[in-house]
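Input: a single structure, listed below in structure tokens.
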Amino acid sequence: PERSPTLAYPRLIAHRGGGAGFVGLAPENTLAGLAAAHAAGYRGVEFDVMLSADGIPFLHHDDTLERTTSGKGPIAAASAAVLDRLDAGRWRDPAYAGEALPRLAAALELCLDAGLWINLEIKPTTGRDRATAQAVAATLLARWPTLAGPPSAPNNGGTPGNRSPAADPVSTFAPPPLVVSSFSPAALAEIARLVPALPRALLVGALPRDGLAQCRALGCCGLHLDATYLDRRTLAALRTAAPDLRLAAYTVNDPARMAELFAAGIDALFTDRIDLDPLGLVPATP
Ligand code: G3P
Ligand code: MG
């Protein structure tokens with residue numbers, strides 16, 4: 001595929017929709033989490049997207065439902081109607097009981113209303129890489145029809161392609177500030193085919209030997225790496241070899257490590273600790 005348009009990243013991104021793993025914070029991958037990230041002053045969020053048995057995209061991280069919902073078994077075996085009835089909040093705190101497992105469409109609306117930048121991670125269950133990408137593409141195209149245009153069309157806020165502004169609601173013209181990422185090259189290739197105008201990023205653990213070649217082959221504008229394996233030398237080498245590539249690292253909850261990675265040249269960091277703003281990067285909410 002052609003290289004995807006690029007997108008500016010916020011410096012700090014709320015991981016798993018703004019709630020993960022810490023007592024007192026909202027549950028991960030929920031609307032409450034997204035709202036909490038926004039309330040904490042975050043401008044960007046990352047969340048994970050998986051498919052129900054009947055092909056509806058939901059925000060969810062694990063292959064199975066037990067850890068973060070009142071459901072049981074693989075998410076891929078549950079229908080959307082069943083998933084809609086689950087409690088995705090009580091496991092974190094009784095205060096969040098009744099929090100829904102959100103559909104992707106609902107999360108997008110919240111982010112749009114709040115003006116949140118989005119990193120949508122496609123996290124396919126085994127064998128559903130292309131199907132998950134197709135469902136995500138369909139959801140995004142339904143919300144933003146102008147994304148169906150050529151890659152040069154409106155992703156950086158330019159004039160929309162060949163449509164008359166009078167013919168569509170204004171909201172369909174606003175390019176979503178959204179980058180799709182995945183560990184799955186097959187999912188990214190499918191997104192590139194279906195929505196070439198959407199910025200794409202490859203997710204990796206440690207940088208593979210052919211990491212940059214994979215990015216180029218998939219036309220990615222970003223590379224998201226596991227911070228555990230990142231050092232100054234690797235970052236410098238990436239910067240030199242691919243100056244235009246956005247580099248982001250997950251998941252950094254330690255302020256000292258954040259400072260180190262920013263000093264070493266990382267563009268953005270994913271963090272669970274939306275209750276912290278050690279670097280003063282998050283603008284105060286008005
Ligand atoms: O997108 C970065 C990060 O979320 C990848 O790890 O397992 O939390 O989805 P995970
Ligand atoms: Mg993720």
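How things are named: the first chain in the structure tokens is A, the next is B, and so on; residues count from 1 in each chain; ligands count from 1 in the order shown.
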
Q) Neighbours of A:Ala206 within 9 Å (only C-alpha atoms; same-chain residues fewer than 2 positions away dropped), as number ranges by chain? A) A: 204, 208, 225-230

Any residue with an atom at most 8 Å from ligand 1 counts, using only C-alpha atoms and all ligand atoms. Which are they? Put them as a PDB file with N, CA and C atoms, in the first residue's frame.
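After the write, out.pdb holds the following:
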```
ATOM      1  N   HIS A  15      -3.753   4.923  28.220  1.00  0.00           N
ATOM      2  CA  HIS A  15      -3.740   3.530  27.768  1.00  0.00           C
ATOM      3  C   HIS A  15      -5.037   2.807  28.133  1.00  0.00           C
ATOM      4  N   ARG A  16      -5.487   1.910  27.261  1.00  0.00           N
ATOM      5  CA  ARG A  16      -6.730   1.138  27.457  1.00  0.00           C
ATOM      6  C   ARG A  16      -7.905   2.036  27.828  1.00  0.00           C
ATOM      7  N   GLU A  46      -5.888   5.542  23.903  1.00  0.00           N
ATOM      8  CA  GLU A  46      -5.707   4.297  23.155  1.00  0.00           C
ATOM      9  C   GLU A  46      -6.720   3.314  23.681  1.00  0.00           C
ATOM     10  N   PHE A  47      -7.367   2.564  22.789  1.00  0.00           N
ATOM     11  CA  PHE A  47      -8.211   1.461  23.246  1.00  0.00           C
ATOM     12  C   PHE A  47      -8.113   0.286  22.285  1.00  0.00           C
ATOM     13  N   ASP A  48      -8.547  -0.884  22.797  1.00  0.00           N
ATOM     14  CA  ASP A  48      -8.425  -2.140  22.049  1.00  0.00           C
ATOM     15  C   ASP A  48      -9.780  -2.529  21.472  1.00  0.00           C
ATOM     16  N   HIS A  61      -9.929  -6.049  25.693  1.00  0.00           N
ATOM     17  CA  HIS A  61      -8.513  -6.379  25.558  1.00  0.00           C
ATOM     18  C   HIS A  61      -8.224  -7.872  25.455  1.00  0.00           C
ATOM     19  N   ASN A 119      -6.153   6.464  19.380  1.00  0.00           N
ATOM     20  CA  ASN A 119      -5.394   5.348  18.814  1.00  0.00           C
ATOM     21  C   ASN A 119      -6.247   4.103  18.972  1.00  0.00           C
ATOM     22  N   LEU A 120      -6.798   3.656  17.854  1.00  0.00           N
ATOM     23  CA  LEU A 120      -7.651   2.470  17.838  1.00  0.00           C
ATOM     24  C   LEU A 120      -6.757   1.265  17.563  1.00  0.00           C
ATOM     25  N   GLU A 121      -6.579   0.418  18.568  1.00  0.00           N
ATOM     26  CA  GLU A 121      -5.782  -0.798  18.362  1.00  0.00           C
ATOM     27  C   GLU A 121      -6.683  -1.945  17.950  1.00  0.00           C
ATOM     28  N   LYS A 123      -7.258  -5.616  17.772  1.00  0.00           N
ATOM     29  CA  LYS A 123      -6.683  -6.741  18.503  1.00  0.00           C
ATOM     30  C   LYS A 123      -7.467  -7.990  18.136  1.00  0.00           C
ATOM     31  N   SER A 181      -3.765   1.104  14.922  1.00  0.00           N
ATOM     32  CA  SER A 181      -2.547   0.310  15.100  1.00  0.00           C
ATOM     33  C   SER A 181      -2.922  -1.150  15.284  1.00  0.00           C
ATOM     34  N   SER A 182      -1.931  -2.014  15.080  1.00  0.00           N
ATOM     35  CA  SER A 182      -2.155  -3.440  15.340  1.00  0.00           C
ATOM     36  C   SER A 182      -0.834  -4.186  15.364  1.00  0.00           C
ATOM     37  N   LEU A 203       2.373  -2.137  15.560  1.00  0.00           N
ATOM     38  CA  LEU A 203       2.679  -2.405  16.964  1.00  0.00           C
ATOM     39  C   LEU A 203       3.656  -3.576  17.030  1.00  0.00           C
ATOM     40  N   HIS A 224       4.765   1.650  17.112  1.00  0.00           N
ATOM     41  CA  HIS A 224       4.506   1.647  18.553  1.00  0.00           C
ATOM     42  C   HIS A 224       5.248   0.466  19.161  1.00  0.00           C
ATOM     43  N   LEU A 225       6.129   0.761  20.108  1.00  0.00           N
ATOM     44  CA  LEU A 225       7.037  -0.271  20.636  1.00  0.00           C
ATOM     45  C   LEU A 225       6.831  -0.471  22.134  1.00  0.00           C
ATOM     46  N   ASP A 226       7.210  -1.655  22.602  1.00  0.00           N
ATOM     47  CA  ASP A 226       7.186  -1.940  24.035  1.00  0.00           C
ATOM     48  C   ASP A 226       8.353  -1.205  24.693  1.00  0.00           C
ATOM     49  N   ALA A 249       5.676   4.577  22.652  1.00  0.00           N
ATOM     50  CA  ALA A 249       6.040   3.401  23.447  1.00  0.00           C
ATOM     51  C   ALA A 249       5.013   3.145  24.545  1.00  0.00           C
ATOM     52  N   TYR A 250       4.745   1.866  24.789  1.00  0.00           N
ATOM     53  CA  TYR A 250       3.798   1.427  25.820  1.00  0.00           C
ATOM     54  C   TYR A 250       4.559   0.560  26.824  1.00  0.00           C
ATOM     55  N   THR A 251       4.092   0.411  28.032  1.00  0.00           N
ATOM     56  CA  THR A 251       3.176   1.256  28.755  1.00  0.00           C
ATOM     57  C   THR A 251       4.007   1.820  29.885  1.00  0.00           C
ATOM     58  N   PHE A 270       2.320   5.779  26.082  1.00  0.00           N
ATOM     59  CA  PHE A 270       1.040   5.292  26.606  1.00  0.00           C
ATOM     60  C   PHE A 270       1.212   5.081  28.105  1.00  0.00           C
TER      61      PHE A 270
END
```

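Here the question is which of A:Tyr9, A:Tyr96, A:Phe183, A:Phe262 gets nearest to ligand 2 using only C-alpha atoms and all ligand atoms, and that residue is A:Phe183.
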
(Q) I need the residues of stretch 7-252 of chain A that end up classed as strand (DSSP E or B) by DSSP on the backbone, written out as a PyMOL selection string. (A) chain A and resi 12-14+44-51+57-59+64+74+103+117-122+178-182+200-203+222-226+246-250

Q) Residues at most 7 Å from A:Arg43, counting only C-alpha atoms, excluding those fewer than 4 positions away in the same chain, as a count of residues only? A) 4

Q: Could you jot down the atom CA of A:Ala26 to atom CA of A:Ala100 separation for me, Å, one decimal place?
A: 12.3 Å

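Between atom CA of A:Cys221 and atom CA of A:Thr6 the separation is 5.3 Å.
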
(Q) Please identify the alpha helix (DSSP H) residues within stretch 26-239 of chain A (assignment by DSSP from backbone atoms) and present them as a PyMOL selection string. (A) chain A and resi 31-39+80-84+104-114+129-143+185-194+211-218+232-239
